[in-house]
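So this one's entry.txt, compact mmCIF, C-alpha atoms:
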```txt
# COMPACT_ATOMS: atom_id res chain seq x y z
CA MET O 29 90.39 95.51 133.88
CA THR O 30 91.34 98.87 132.34
CA GLU O 31 91.80 99.10 128.62
CA VAL O 32 95.27 99.73 127.31
CA THR O 33 95.57 103.33 126.12
CA ASP O 34 96.77 104.35 122.66
CA GLN O 35 99.88 105.86 124.25
CA GLU O 36 100.69 102.53 125.90
CA LEU O 37 100.24 100.75 122.59
CA ILE O 38 102.67 103.16 120.92
CA ALA O 39 105.16 102.59 123.73
CA GLY O 40 104.76 98.84 123.10
CA ILE O 41 105.30 99.30 119.37
CA ALA O 42 108.40 101.39 120.07
CA ALA O 43 109.66 98.38 122.04
CA GLN O 44 108.97 96.19 118.94
CA ASP O 45 105.92 94.48 120.46
CA ALA O 46 104.01 93.05 117.47
CA GLU O 47 100.96 92.39 119.65
CA ALA O 48 100.71 96.13 120.39
CA LEU O 49 100.78 96.83 116.65
CA ARG O 50 97.94 94.35 116.09
CA ALA O 51 95.90 96.04 118.83
CA LEU O 52 96.57 99.50 117.35
CA TYR O 53 95.57 98.20 113.92
CA HIS O 54 92.29 96.73 115.17
CA ARG O 55 91.49 99.96 116.99
CA HIS O 56 92.32 102.43 114.21
CA ASN O 57 92.33 100.65 110.84
CA ALA O 58 88.84 101.91 109.92
CA ARG O 59 89.76 105.58 110.30
CA VAL O 60 93.04 105.11 108.40
CA TYR O 61 91.38 103.13 105.61
CA ASN O 62 88.44 105.52 105.23
CA THR O 63 90.68 108.59 105.16
CA ALA O 64 92.88 106.96 102.51
CA LEU O 65 89.74 105.99 100.57
CA SER O 66 88.54 109.62 100.53
CA TYR O 67 91.84 110.68 98.97
CA LEU O 68 92.55 107.85 96.54
CA GLN O 69 88.96 106.79 95.77
CA ASP O 70 90.11 103.28 94.97
CA THR O 71 89.76 100.41 97.44
CA SER O 72 92.97 98.57 96.59
CA ASP O 73 95.07 101.77 96.68
CA ALA O 74 93.46 102.65 100.03
CA GLU O 75 94.40 99.18 101.33
CA GLU O 76 98.00 99.73 100.22
CA VAL O 77 98.12 103.09 101.99
CA THR O 78 96.62 101.56 105.15
CA GLN O 79 99.36 98.94 105.19
CA ASP O 80 102.01 101.61 104.62
CA VAL O 81 100.63 103.76 107.44
CA PHE O 82 100.86 100.98 110.04
CA ALA O 83 104.31 99.95 108.79
CA LYS O 84 105.43 103.60 109.14
CA ALA O 85 103.86 103.78 112.61
CA TRP O 86 105.90 100.70 113.57
CA ARG O 87 109.12 102.34 112.41
CA ALA O 88 108.37 105.82 113.78
CA ALA O 89 106.77 104.86 117.14
CA ALA O 90 109.94 105.73 119.04
CA THR O 91 109.71 109.32 117.75
CA PHE O 92 106.08 109.78 118.87
CA LYS O 93 105.71 112.73 121.23
CA SER O 94 103.43 111.77 124.08
CA GLU O 95 101.91 115.27 124.41
CA SER O 96 99.98 114.83 121.14
CA GLN O 97 97.11 112.43 120.52
CA VAL O 98 97.84 109.11 118.82
CA THR O 99 94.91 109.62 116.45
CA THR O 100 96.32 113.02 115.40
CA TRP O 101 99.68 111.39 114.71
CA LEU O 102 98.07 108.53 112.75
CA TYR O 103 95.96 110.95 110.71
CA ARG O 104 99.10 112.96 109.88
CA ILE O 105 100.90 109.82 108.65
CA THR O 106 97.79 108.79 106.69
CA VAL O 107 97.37 112.18 105.00
CA ASN O 108 101.04 112.35 104.01
CA THR O 109 101.07 108.75 102.74
CA ALA O 110 97.84 109.26 100.76
CA LEU O 111 99.14 112.49 99.18
CA THR O 112 102.40 110.73 98.23
CA ALA O 113 100.38 107.89 96.68
CA LEU O 114 98.35 110.43 94.69
CA ASP O 115 101.57 112.06 93.44
CA LYS O 116 102.92 108.65 92.46
CA ARG O 117 99.69 107.91 90.58
CA ARG O 118 100.06 111.18 88.66
CA ARG O 119 103.72 110.48 87.83
CA GLN O 120 102.89 106.97 86.59
CA ARG O 121 100.40 108.45 84.14
CA GLY O 122 103.14 110.54 82.54
CA ILE O 123 102.95 114.20 81.57
CA PHE O 124 99.53 114.04 79.88
CA GLY O 125 98.16 111.81 82.60
CA ALA O 126 99.43 114.20 85.23
CA LEU O 127 97.60 117.05 83.55
CA SER O 128 94.36 115.11 83.30
CA ALA O 129 94.67 113.34 86.66
CA THR O 130 93.18 116.20 88.65
CA ARG O 131 90.53 116.80 86.02
CA ASP O 132 89.51 113.15 85.64
CA PRO O 133 88.85 111.64 89.05
CA PRO O 134 88.23 107.87 89.35
CA ASP O 135 84.64 106.71 88.91
CA PHE O 136 84.23 106.15 92.62
CA TYR O 137 81.15 105.03 94.52
CA HIS O 138 81.65 105.07 98.27
CA PRO O 139 80.85 101.57 99.61
CA GLY O 140 78.74 102.99 102.43
CA VAL O 141 76.40 105.04 100.25
CA GLN O 142 72.80 103.95 99.76
CA LEU O 143 71.65 103.22 96.23
CA GLU O 144 69.45 106.34 95.86
CA GLU O 145 72.33 108.63 96.83
CA ARG O 146 75.03 106.94 94.76
CA GLU O 147 75.06 109.50 91.93
CA THR O 148 75.16 112.52 94.25
CA SER O 149 77.91 110.92 96.29
CA ARG O 150 79.90 110.08 93.13
CA ALA O 151 79.75 113.71 92.01
CA LEU O 152 80.69 114.98 95.47
CA PHE O 153 83.69 112.63 95.76
CA ALA O 154 84.77 113.54 92.21
CA ALA O 155 84.70 117.20 93.25
CA ILE O 156 86.69 116.41 96.43
CA TYR O 157 89.28 114.62 94.28
CA ARG O 158 89.81 117.80 92.24
CA LEU O 159 90.56 119.97 95.27
CA PRO O 160 94.15 121.13 95.88
CA PRO O 161 95.92 118.99 98.54
CA ARG O 162 95.57 121.36 101.53
CA GLN O 163 91.92 122.18 100.86
CA LYS O 164 91.25 118.46 100.36
CA THR O 165 92.89 117.56 103.66
CA ALA O 166 91.02 120.23 105.61
CA PHE O 167 87.72 119.18 104.01
CA VAL O 168 88.14 115.40 104.33
CA LEU O 169 89.23 115.60 107.97
CA SER O 170 86.49 118.08 108.90
CA TYR O 171 83.51 116.76 106.95
CA VAL O 172 84.18 113.09 106.16
CA GLU O 173 86.13 112.18 109.29
CA GLU O 174 84.26 114.78 111.37
CA LEU O 175 87.29 115.77 113.42
CA PRO O 176 87.04 118.89 115.57
CA ARG O 177 88.62 121.90 113.81
CA GLN O 178 91.31 122.11 116.49
CA GLN O 179 92.42 118.54 115.76
CA VAL O 180 92.41 119.24 112.00
CA ALA O 181 94.70 122.19 112.74
CA GLU O 182 97.01 119.93 114.75
CA VAL O 183 97.09 117.26 112.03
CA MET O 184 97.93 119.86 109.40
CA GLU O 185 100.19 121.85 111.74
CA LEU O 186 98.32 125.06 110.90
CA THR O 187 96.36 127.64 112.88
CA LEU O 188 92.63 127.38 113.42
CA LYS O 189 92.16 130.49 111.28
CA ALA O 190 94.10 128.93 108.41
CA ILE O 191 91.87 125.84 108.59
CA GLU O 192 88.71 127.98 108.45
CA GLY O 193 90.13 129.74 105.37
CA LEU O 194 90.98 126.45 103.67
CA LEU O 195 87.50 125.08 104.41
CA MET O 196 85.82 128.17 103.02
CA ARG O 197 87.83 127.93 99.80
CA ALA O 198 87.26 124.17 99.57
CA LYS O 199 83.49 124.58 99.90
CA LYS O 200 83.40 127.31 97.25
CA SER O 201 85.42 125.12 94.86
CA LEU O 202 83.19 122.11 95.54
CA LYS O 203 80.11 124.17 94.88
CA THR O 204 81.56 125.39 91.58
CA TYR O 205 82.46 121.84 90.49
CA LEU O 206 79.05 120.50 91.46
CA HIS O 207 77.27 123.36 89.75
CA ALA O 208 79.23 122.65 86.56
CA GLU O 209 78.20 118.99 86.73
CA TYR O 210 74.58 119.58 87.77
CA PRO O 211 73.63 123.06 86.51
CA HIS O 212 69.90 122.26 86.78
CA ARG O 213 70.19 121.76 90.54
CA GLY O 214 71.13 125.40 91.12
CA MET P 19 81.98 130.30 109.58
CA GLU P 20 79.96 131.60 106.64
CA LYS P 21 77.35 129.13 105.31
CA LEU P 22 77.16 128.88 101.53
CA ASP P 23 73.61 127.64 101.04
CA PRO P 24 71.38 125.29 103.03
CA ASP P 25 71.15 122.53 100.36
CA PHE P 26 74.88 122.44 99.85
CA GLU P 27 75.58 122.55 103.59
CA ASP P 28 73.10 119.69 104.04
CA LEU P 29 74.80 117.68 101.28
CA ILE P 30 78.30 117.99 102.72
CA GLY P 31 76.94 117.55 106.24
CA ARG P 32 75.66 114.09 105.19
CA LEU P 33 79.23 112.98 104.39
CA GLY P 34 79.86 112.49 108.08
CA ASN P 35 76.94 110.04 108.32
CA LEU P 36 78.41 107.65 105.75
CA PRO P 37 78.93 104.21 107.25
CA ARG P 38 82.59 103.29 107.67
CA ALA P 39 83.93 101.27 104.74
CA ARG P 40 85.89 98.13 105.56
CA PRO P 41 88.85 96.75 103.61
CA ASP P 42 87.96 93.70 101.49
CA ARG P 43 90.79 91.67 102.98
CA ASP P 44 92.72 91.36 106.21
CA LEU P 45 95.58 93.81 105.91
CA LEU P 46 97.52 92.66 108.97
CA PRO P 47 99.60 89.95 107.22
CA GLY P 48 100.68 92.54 104.63
CA ILE P 49 101.66 94.99 107.38
CA GLU P 50 103.62 92.30 109.23
CA ALA P 51 105.40 91.36 105.99
CA ARG P 52 106.31 95.02 105.43
CA ILE P 53 107.77 95.51 108.90
CA ALA P 54 109.78 92.28 108.58
CA ARG P 55 111.44 93.62 105.42
CA PRO P 56 114.47 95.84 105.94
CA GLU P 57 113.55 99.42 105.12
CA ALA P 58 114.66 100.38 101.63
CA VAL P 59 116.77 103.50 101.45
CA VAL P 60 114.96 105.94 99.22
CA VAL P 61 117.17 108.35 97.31
CA PRO P 62 115.10 111.39 96.33
CA LEU P 63 114.86 112.19 92.63
CA ARG P 64 116.47 115.61 93.23
CA GLN P 65 119.52 113.91 94.74
CA TRP P 66 119.76 111.53 91.75
CA ARG P 67 119.64 114.50 89.38
CA ALA P 68 122.41 116.29 91.30
CA MET P 69 124.55 113.15 91.19
CA VAL P 70 124.03 112.74 87.43
CA ALA P 71 124.78 116.44 86.84
CA ALA P 72 127.99 116.15 88.89
CA ALA P 73 129.05 113.04 86.92
CA VAL P 74 128.35 114.76 83.57
CA LEU P 75 130.30 117.85 84.68
CA LEU P 76 133.24 115.66 85.73
CA LEU P 77 133.21 113.89 82.33
CA LEU P 78 133.09 117.21 80.48
CA LEU P 79 136.00 118.59 82.54
CA ASN P 80 137.98 115.42 81.81
CA ALA P 81 137.20 115.63 78.10
CA ALA P 82 138.19 119.33 78.05
CA ALA P 83 141.42 118.59 79.92
CA ILE P 84 142.33 115.75 77.52
CA THR P 85 141.58 117.90 74.48
CA PHE P 86 143.59 120.78 75.90
CA TYR P 87 146.52 118.50 76.77
CA THR P 88 146.47 116.83 73.34
CA ASN P 89 146.49 120.19 71.55
CA GLU P 90 149.20 121.45 73.84
CA SER P 91 151.45 118.44 73.34
CA SER P 92 150.95 118.28 69.57
CA GLY P 93 151.92 121.98 69.41
CA GLN P 94 155.00 121.21 71.47
CA ASP P 95 156.03 118.41 69.05
CA GLN P 96 155.85 120.81 66.12
CA THR P 97 157.92 123.38 67.97
CA LEU P 98 160.50 120.79 68.88
CA ALA P 99 160.65 119.50 65.35
CA LEU P 100 161.12 123.01 64.06
CA VAL P 101 163.83 123.73 66.56
CA SER P 102 165.47 120.35 65.88
CA ASP P 103 165.51 121.08 62.20
CA TYR P 104 167.64 124.13 62.78
CA LEU P 105 169.95 122.63 65.30
CA LEU P 106 173.38 122.60 63.76
CA TYR P 107 175.08 120.27 66.29
CA GLU P 108 172.84 117.37 67.05
```

Final structure tokens representation of the file:
Amino acid sequence: MTEVTDQELIAGIAAQDAEALRALYHRHNARVYNTALSYLQDTSDAEEVTQDVFAKAWRAAATFKSESQVTTWLYRITVNTALTALDKRRRQRGIFGALSATRDPPDFYHPGVQLEERETSRALFAAIYRLPPRQKTAFVLSYVEELPRQQVAEVMELTLKAIEGLLMRAKKSLKTYLHAEYPHRG
Amino acid sequence: MEKLDPDFEDLIGRLGNLPRARPDRDLLPGIEARIARPEAVVVPLRQWRAMVAAAVLLLLLNAAAITFYTNESSGQDQTLALVSDYLLYE
């Protein structure tokens, strides 16, 4: 028996088939949740975003263009929803909170990190949190999600050259942040 | 693409090897509850501000019109009274 394709699942969702939504969720929830986690660095906020993403996919399935990949489309919804959630978090903290929100990232330890690498990973994720939105998106999709650069460009609706530029700037910023936190490491 | 330094490249390269995190709870019931709810209409903050500004402008115009009309009519009364006072055949 051949497996149902992502495109077929989206067609099912567009026809209000709840079973198709469940199948899409089981197939893609890990990538949506992990992407949201890289942005928000809080498990319960990442869960909220994951739920929002699949609810939005349900409502927007009819507008999905079959020439693009379903994963690209899901990543785009995830990135936009996560960035909106970050904005909301900043607004809820008020004017002073908004100013400090980019400077003071959450004390986040990625659940998948081994004990001996926890501190390095915490510093790296704190530095990722401080990146401007577009650099953060290019970096998270390229290095955490390990998407090919072409797919990152499609998710962000930018050229390949623009993605390379964003990645270069993101890496320089990360290096600066990490150097400020760990000057002895060089 | 230009490489910054081997240690740093190695560090960020390891990000891709992180095991996938899993949500602590099953998120499907929450998703199904969300799609069962009618979608709330979100009015953007900018639109709210424009509406409030329009309402304030309307109130100010009304207040200005009332003030102008009141001044105008009270002036008219005085003129009438003055004229009336000098009317010989009332």

With the cut-off set at 7 Å and counting only C-alpha atoms, tabulate each residue of chain P with an atom at most that distance from an atom of chain O, showing the nearest atom pair and its distance in Å to one decimal, ordered by chain and increasing number, as a tab-separated table.
```
residue	atom	partner	partner_atom	distance
P:Ile30	CA	O:Tyr171	CA	6.8
P:Gly31	CA	O:Tyr171	CA	6.7
P:Leu33	CA	O:Val172	CA	5.3
P:Gly34	CA	O:Val172	CA	4.8
P:Leu36	CA	O:Gly140	CA	5.7
P:Pro37	CA	O:Gly140	CA	5.0
P:Arg38	CA	O:Gly140	CA	6.5
P:Ala39	CA	O:Gly140	CA	5.9
P:Arg40	CA	O:Ala58	CA	6.5
P:Pro41	CA	O:Glu75	CA	6.5
P:Leu45	CA	O:Gln79	CA	6.4
P:Gly48	CA	O:Gln79	CA	6.6
P:Ile49	CA	O:Gln79	CA	5.1
P:Arg52	CA	O:Ala83	CA	6.3
P:Ile53	CA	O:Ala83	CA	5.6
```

Of the candidates O:Arg55, O:Arg158, O:Lys189, O:Arg146, which one gets nearest to O:Pro134 if we count all atoms listed in the file? O:Arg158

Take atom CA of O:Lys116 and atom CA of O:Arg177 and report the distance between them in Å, one decimal. 28.9 Å

Within 8 Å of file point (91.4, 110.0, 96.7), counting only C-alpha atoms, expressed as number ranges by chain: O: 64-70, 110, 114, 156-157

Which residues are close to stretch 29-33 of chain O, i.e. within 10 Å by all atoms listed in the file, leaving aside same-chain residues fewer than 4 positions away? Reply as a PyMOL selection string. chain O and resi 37-39+48+51-52+98

Calculated over all atoms listed in the file, which of the candidates P:Ala51, P:Leu29, P:Asp44, P:Glu57 has the smallest distance to O:Ala88? P:Glu57

Shell of 12 Å around O:Glu95, all atoms listed in the file, local chain residues under 5 positions omitted, as a compact mmCIF listing (two decimals) with C-alpha atoms, in the coordinates of the input:
```txt
# COMPACT_ATOMS: atom_id res chain seq x y z
CA GLN O 35 99.88 105.86 124.25
CA THR O 100 96.32 113.02 115.40
CA TRP O 101 99.68 111.39 114.71
CA GLU O 182 97.01 119.93 114.75
```

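Here atom CA of O:Thr204 and atom CA of O:Arg104 stand 28.2 Å from one another.
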
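With distances taken over all atoms listed in the file, O:Ala155 is the one residue among O:Ala155, O:Asp73, O:Leu111, O:Arg150 lying closest to O:His207.
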